[in-house]
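What follows is a single structure, written as structure tokens, with notes after it.
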Amino acid sequence: MTYDPASANPLANNPLKTREDLSRALRDLFDPLLPYFSAGNARVRLDGAAAHFDRAAADLEGFARPLWGLAPLGAGGGDFAEWHRFAEGIANGTDPKHPEYWGTVNGRDQRMVELAALGFALALVPEKIWEPLGGRARDNVVAYLKHARQFDYADNNWKFFRIFVDIALDRVGASFDRSLTKQYLEELEGFYIGDGWYRDGNVRRVDHYIPFAMHFYGLIYSKLVDDDYAKRYRERALLFANDFKQWFGADGATIPFGRSLTYRFACAGFWSALAFADLEALPWGEVKSLCLQHLRWWKDKPMTNRDGILSIGFGYPNLLMSENYNSAGSPYWAFKAFLPLALAEDHPFWTAEETPPAETVSVLPQRHPGMVLMRDRGDVVALSSGQENLQMRFGTEKYAKFAYSSRYGFSVESDERNFAGAAFDSALAFGDDGLHYRVRETNKEAKLAGEVLYSRWSPFQDVDVETWLVPAAPWHIRVHRINTPRPLQTAEGGFAIARRDFELDTLVADGASAYAIGEADFSGIVDIGSARRVGLTQKAPPNTNMIVAKTLVPQLRGEIAAGQTILMTAVLAANDTDTVTGAWTTPPRAPDLQELEALVANSGIRVSAIEAPGQMS
């Protein structure tokens, strides 16, 4: 029998329906790490690849991140035979005289991040990792934590990390400057933008860090501490839940969008944190379904290496999509999904029957992330105004495409000098030499008008583009008005679908349209304007898509002249190969551009994600 990489996935044969299923999943995911613990148990080194921080910090990451799941398991009375490793590892890692010392925090440091997991575990299960320690070891732990907290943490969700250290110091009876805790709690308030939504710092983007960081930590805080901040965190989570549930398809998939997607099922962390905090933001059956169905979506993905260790990647091992801060231990932030293991068996999260949230509307605008969500046959597409991340690798693909899909994900490019062969899914690319290309990277302006998104952007300094995105379920329409002083080549892509071996797929290019039919999916793009573009179906470079390693992308390509050009495009993809004789035969009509302009002028509101704090209207 041919080896199937997905068979190495520790979730593969787990129904993931009960508390015991979840406990087994956690242990099955953790056990492959055991051979990689150091002799003194303070470090876990999984491979030879590097992140931008030092090796000791990466080894600490491999040691600490599993605690996000193991501490809840211990708090809930679950069986775990390896607590001695963590007690010993914490003692040795904080001992400056031990060869496995984690290193001293000096300024902003990755260790600050990992110490939050330690603080969380000390607060939740001190009997496992604190009480077994001797007096000198305890002194070392307290000294290490207190030393780290004197430095300034990054101006984003990192501020919660010092707060978690402070909660732990309080639990173990240490004295410390509590005014620093209050300072960060207050500074975190500055990231809140309304209706349950935050930014992760003073940045022009809103992504999965809002649910799996800002809300996740706030909800844990609200369970461990009773104050006005805790009340606010709970109130905001109630508001956020109704928006965030729309990011999940019926099969449990969420919309891959933004950075840190290698944290995988951390995307269920918000639902897990609601359970941990005893906050019924949605009926418990819905919270349970959103959490467990998302975990089940991962069961058939080849997301681990052969030995069952979570790889860097999303749907499969893929360093190409990683960030500079991803070490081999980074993916274990996925263990945030296991918070419900802290709950007793009779908690309503566990006793409720799973009830998937009802699909009430097919088109749902969300002003804060600048998205219009379209739900069709259980899948979700987010039309996106485009956000900004110019600091991170592939930030453009992760934040600035026109559409993101729970089923088709998105692709990063693999070669900036491959205009002819690039994927360009859900993007419009411009080239002036046939080799290099530019796509939307950031916006000068972004607005939401009813169900229509508008953005203004420049691929080159001397080229201006206005884009309108219009839902026409199951299609969506893109209108681009381009002003350029010189001729340019253009390429625009639809959604990427899985490509089979042996050329078994159907690829059709017919004039100003193109489509592909794979084993289960249809994807097509058609020019509905007057521009002379030619369709083709691109065999995208391998390992560029988030979810599947080989894809096909229908595209439109053509040259535009100097002056003004208007491109009108209709895009359709569906988990139904019969779409070719169904919806594909009746593309939407070209919209009236003057009507779109008037709509945005009269009712457009600025997208929160790309506005500077304090400038929203």
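Letters A, B, ... go to the chains of the structure tokens in the order shown; residues in each chain start at 1; ligands are counted from 1 in the same order.
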Just list the residues in stretch 335-467 of chain A DSSP gives strand (DSSP E or B) on the backbone, as a PyMOL selection string.
chain A and resi 363-366+371-376+379-384+403-405+409+411+425+428-431+438+445-449+452-457+464-467
Neighbouring residues of A:Gly308 were defined as those with any atom within 10 Å, considering only C-alpha atoms; residues of the same chain fewer than 3 positions away were excluded. Please report them as a list in words.
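Near A:Gly308, the qualifying residues are Pro5, Ala6, Ser7, Ala8, Asn9, Pro10, Leu11, Asp28, Leu29, Phe30, Asp31, Pro32, Leu33, Pro302, Met303, Thr304, Asn305 and Ser311 of chain A.
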Which residue gives the smallest distance to A:Ala598 among A:Ile560, A:Ala449, A:Glu611, A:Leu364, with only C-alpha atoms counted?
A:Ala449
Determine, counting only C-alpha atoms, which protein, DNA and RNA residues have an atom within 7 Å of an atom of stretch 71-73 of chain A; residues of the same chain fewer than 6 positions away are not included. Present the result as a PyMOL selection string.
chain A and resi 121+124-125+339+341-342
May I have the residues from that selection written out with N, CA, C and O atoms, as an mmCIF file, in the first residue's frame?
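Everything below was put into again.cif:
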```
data_model
loop_
_atom_site.group_PDB
_atom_site.id
_atom_site.type_symbol
_atom_site.label_atom_id
_atom_site.label_comp_id
_atom_site.auth_asym_id
_atom_site.auth_seq_id
_atom_site.Cartn_x
_atom_site.Cartn_y
_atom_site.Cartn_z
ATOM 1 N N ALA A 121 0.477 28.025 33.197
ATOM 2 C CA ALA A 121 0.552 26.711 33.843
ATOM 3 C C ALA A 121 0.761 26.839 35.351
ATOM 4 O O ALA A 121 0.167 26.086 36.141
ATOM 5 N N LEU A 124 -2.539 27.606 36.800
ATOM 6 C CA LEU A 124 -3.576 26.586 36.669
ATOM 7 C C LEU A 124 -3.235 25.300 37.422
ATOM 8 O O LEU A 124 -4.118 24.689 38.046
ATOM 9 N N VAL A 125 -1.977 24.878 37.342
ATOM 10 C CA VAL A 125 -1.603 23.584 37.950
ATOM 11 C C VAL A 125 -0.320 23.721 38.780
ATOM 12 O O VAL A 125 0.668 23.024 38.531
ATOM 13 N N LEU A 339 -8.255 24.122 25.697
ATOM 14 C CA LEU A 339 -8.694 24.729 26.962
ATOM 15 C C LEU A 339 -9.899 24.038 27.604
ATOM 16 O O LEU A 339 -9.983 23.963 28.833
ATOM 17 N N LEU A 341 -10.494 21.147 28.228
ATOM 18 C CA LEU A 341 -10.134 20.008 29.073
ATOM 19 C C LEU A 341 -10.041 20.394 30.542
ATOM 20 O O LEU A 341 -10.031 19.520 31.415
ATOM 21 N N ALA A 342 -9.996 21.696 30.824
ATOM 22 C CA ALA A 342 -10.014 22.144 32.223
ATOM 23 C C ALA A 342 -11.401 22.001 32.842
ATOM 24 O O ALA A 342 -11.543 22.060 34.073
#
```
Could you check how far atom CA of A:Gly535 sits from atom CA of A:Leu556, in Å to one decimal?
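Between these atoms lies a distance of 4.5 Å.
The spacing separating atom CA of A:Gly77 from atom CA of A:Pro126 amounts to 13.1 Å.
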All residues 9 Å or closer to A:Gly89, only C-alpha atoms, same chain fewer than 2 positions away omitted, as a PyMOL selection string
chain A and resi 38+40-43+63+84-87+91-94+100
Can you tell me which residues surround A:Tyr263 at a distance of at most 9 Å, considering only C-alpha atoms, apart from same-chain residues fewer than 3 positions away, and format the answer as a ChimeraX atom specification?
/A:260,266-267,312-314,330-335
For A:Tyr221, the closest of A:Trp468, A:Lys128, A:Asp207, A:Tyr233 counting only C-alpha atoms is A:Tyr233
Closest of A:Asp54, A:Asp139, A:Asp433, A:Glu286 to A:Val105, counting only C-alpha atoms, is A:Asp54
Contacts of A:Leu239 within 7 Å, only C-alpha atoms, excl. fewer than 3 positions in-chain, as a VMD selection string
chain A and resid 195 to 196 235 to 236 242
Residues near A:Lys231, cut-off 12 Å, only C-alpha atoms, skip fewer than 4 positions along chain, as a short mmCIF file (atom, residue, chain, number, x, y, z; two decimals) with all heavy atoms, in the first residue's frame:
```cif
data_model
loop_
_atom_site.label_atom_id
_atom_site.label_comp_id
_atom_site.auth_asym_id
_atom_site.auth_seq_id
_atom_site.Cartn_x
_atom_site.Cartn_y
_atom_site.Cartn_z
N GLY A 218 -7.83 37.53 27.01
CA GLY A 218 -8.79 38.27 27.82
C GLY A 218 -9.79 37.37 28.52
O GLY A 218 -10.15 37.61 29.68
N LEU A 219 -10.23 36.33 27.83
CA LEU A 219 -11.20 35.41 28.44
C LEU A 219 -10.55 34.58 29.55
O LEU A 219 -11.17 34.33 30.59
CB LEU A 219 -11.81 34.51 27.36
CG LEU A 219 -12.84 35.20 26.48
CD1 LEU A 219 -13.14 34.37 25.23
CD2 LEU A 219 -14.14 35.46 27.25
N ILE A 220 -9.32 34.15 29.35
CA ILE A 220 -8.62 33.45 30.44
C ILE A 220 -8.47 34.38 31.64
O ILE A 220 -8.72 33.99 32.78
CB ILE A 220 -7.25 32.93 29.96
CG1 ILE A 220 -7.42 31.81 28.93
CG2 ILE A 220 -6.42 32.42 31.14
CD1 ILE A 220 -6.12 31.33 28.32
N TYR A 221 -8.07 35.62 31.37
CA TYR A 221 -7.94 36.60 32.45
C TYR A 221 -9.27 36.72 33.21
O TYR A 221 -9.30 36.76 34.45
CB TYR A 221 -7.54 37.95 31.86
CG TYR A 221 -7.36 39.05 32.90
CD1 TYR A 221 -6.11 39.31 33.45
CD2 TYR A 221 -8.43 39.84 33.31
CE1 TYR A 221 -5.93 40.31 34.39
CE2 TYR A 221 -8.27 40.84 34.25
CZ TYR A 221 -7.02 41.07 34.79
OH TYR A 221 -6.86 42.05 35.73
N SER A 222 -10.37 36.75 32.45
CA SER A 222 -11.68 36.96 33.09
C SER A 222 -12.09 35.78 33.97
O SER A 222 -12.94 35.92 34.84
CB SER A 222 -12.75 37.21 32.03
OG SER A 222 -13.20 36.00 31.43
N LYS A 223 -11.49 34.62 33.73
CA LYS A 223 -11.75 33.45 34.57
C LYS A 223 -10.88 33.47 35.82
O LYS A 223 -11.30 33.03 36.91
CB LYS A 223 -11.49 32.17 33.77
CG LYS A 223 -11.65 30.87 34.53
CD LYS A 223 -13.11 30.57 34.85
CE LYS A 223 -13.24 29.15 35.41
NZ LYS A 223 -14.63 28.83 35.73
N LEU A 224 -9.67 33.98 35.68
CA LEU A 224 -8.71 33.94 36.79
C LEU A 224 -8.75 35.18 37.67
O LEU A 224 -8.30 35.13 38.82
CB LEU A 224 -7.29 33.76 36.24
CG LEU A 224 -7.04 32.51 35.39
CD1 LEU A 224 -5.59 32.48 34.90
CD2 LEU A 224 -7.36 31.25 36.17
N VAL A 225 -9.26 36.28 37.15
CA VAL A 225 -9.27 37.55 37.88
C VAL A 225 -10.66 38.16 37.79
O VAL A 225 -11.29 38.11 36.73
CB VAL A 225 -8.23 38.53 37.30
CG1 VAL A 225 -8.24 39.85 38.06
CG2 VAL A 225 -6.84 37.91 37.30
N ASP A 226 -11.13 38.75 38.86
CA ASP A 226 -12.45 39.39 38.87
C ASP A 226 -12.26 40.89 39.05
O ASP A 226 -12.03 41.37 40.15
CB ASP A 226 -13.31 38.81 40.00
CG ASP A 226 -14.72 39.42 40.00
OD1 ASP A 226 -15.09 40.06 39.00
OD2 ASP A 226 -15.43 39.24 41.01
N ASP A 227 -12.30 41.64 37.94
CA ASP A 227 -12.21 43.09 38.02
C ASP A 227 -12.94 43.69 36.83
O ASP A 227 -13.57 42.99 36.04
CB ASP A 227 -10.74 43.55 38.09
CG ASP A 227 -9.92 43.17 36.85
OD1 ASP A 227 -10.53 42.77 35.82
OD2 ASP A 227 -8.68 43.27 36.91
N GLU A 235 -17.81 41.12 27.93
CA GLU A 235 -18.81 41.83 27.12
C GLU A 235 -18.38 41.89 25.66
O GLU A 235 -19.21 41.71 24.75
CB GLU A 235 -18.99 43.26 27.67
CG GLU A 235 -19.69 43.30 29.03
CD GLU A 235 -19.53 44.66 29.71
OE1 GLU A 235 -18.90 45.57 29.10
OE2 GLU A 235 -20.02 44.81 30.84
N ARG A 236 -17.10 42.11 25.42
CA ARG A 236 -16.62 42.20 24.04
C ARG A 236 -16.65 40.84 23.35
O ARG A 236 -16.94 40.76 22.14
CB ARG A 236 -15.19 42.76 24.03
CG ARG A 236 -15.14 44.21 24.49
CD ARG A 236 -13.72 44.66 24.79
NE ARG A 236 -13.69 46.00 25.35
CZ ARG A 236 -12.63 46.57 25.88
NH1 ARG A 236 -11.47 45.90 25.91
NH2 ARG A 236 -12.68 47.79 26.36
N ALA A 237 -16.37 39.79 24.10
CA ALA A 237 -16.42 38.45 23.51
C ALA A 237 -17.84 38.09 23.08
O ALA A 237 -18.03 37.41 22.06
CB ALA A 237 -15.89 37.42 24.51
N LEU A 238 -18.82 38.54 23.84
CA LEU A 238 -20.21 38.31 23.46
C LEU A 238 -20.52 38.94 22.10
O LEU A 238 -21.19 38.35 21.26
CB LEU A 238 -21.15 38.88 24.52
CG LEU A 238 -21.20 38.17 25.87
CD1 LEU A 238 -22.02 38.98 26.87
CD2 LEU A 238 -21.81 36.77 25.72
N ALA A 277 -14.00 30.10 30.15
CA ALA A 277 -14.46 31.26 30.92
C ALA A 277 -15.92 31.16 31.34
O ALA A 277 -16.46 32.10 31.94
CB ALA A 277 -14.25 32.53 30.10
N LEU A 279 -18.58 31.37 29.55
CA LEU A 279 -19.30 32.46 28.90
C LEU A 279 -20.08 31.92 27.71
O LEU A 279 -19.49 31.57 26.68
CB LEU A 279 -18.33 33.55 28.46
CG LEU A 279 -18.97 34.80 27.85
CD1 LEU A 279 -19.87 35.50 28.86
CD2 LEU A 279 -17.90 35.76 27.33
#
```
Restrict the calculation to only C-alpha atoms, then for each residue of stretch 154-260 of chain A with any atom at most 10 Å from an atom of stretch 406-429 of chain A give the closest atom pair and their distance in Å to one decimal, rows by chain and rising residue number, as a Markdown table.
```
| residue | atom | partner | partner_atom | distance |
| --- | --- | --- | --- | --- |
| A:Trp247 | CA | A:Ser406 | CA | 7.8 |
| A:Phe248 | CA | A:Ser406 | CA | 7.1 |
| A:Gly249 | CA | A:Ser406 | CA | 6.4 |
| A:Ala250 | CA | A:Ser406 | CA | 9.7 |
| A:Asp251 | CA | A:Arg407 | CA | 9.2 |
| A:Gly252 | CA | A:Ser406 | CA | 8.9 |
| A:Ala253 | CA | A:Ser406 | CA | 5.6 |
| A:Thr254 | CA | A:Ser406 | CA | 5.1 |
| A:Ile255 | CA | A:Ser406 | CA | 4.2 |
| A:Pro256 | CA | A:Gly409 | CA | 5.6 |
| A:Phe257 | CA | A:Gly409 | CA | 7.9 |
```
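Closest approach to A:Glu559 among A:Ala491, A:Leu60, A:Val607, A:Ile547: A:Ala491, based on only C-alpha atoms.
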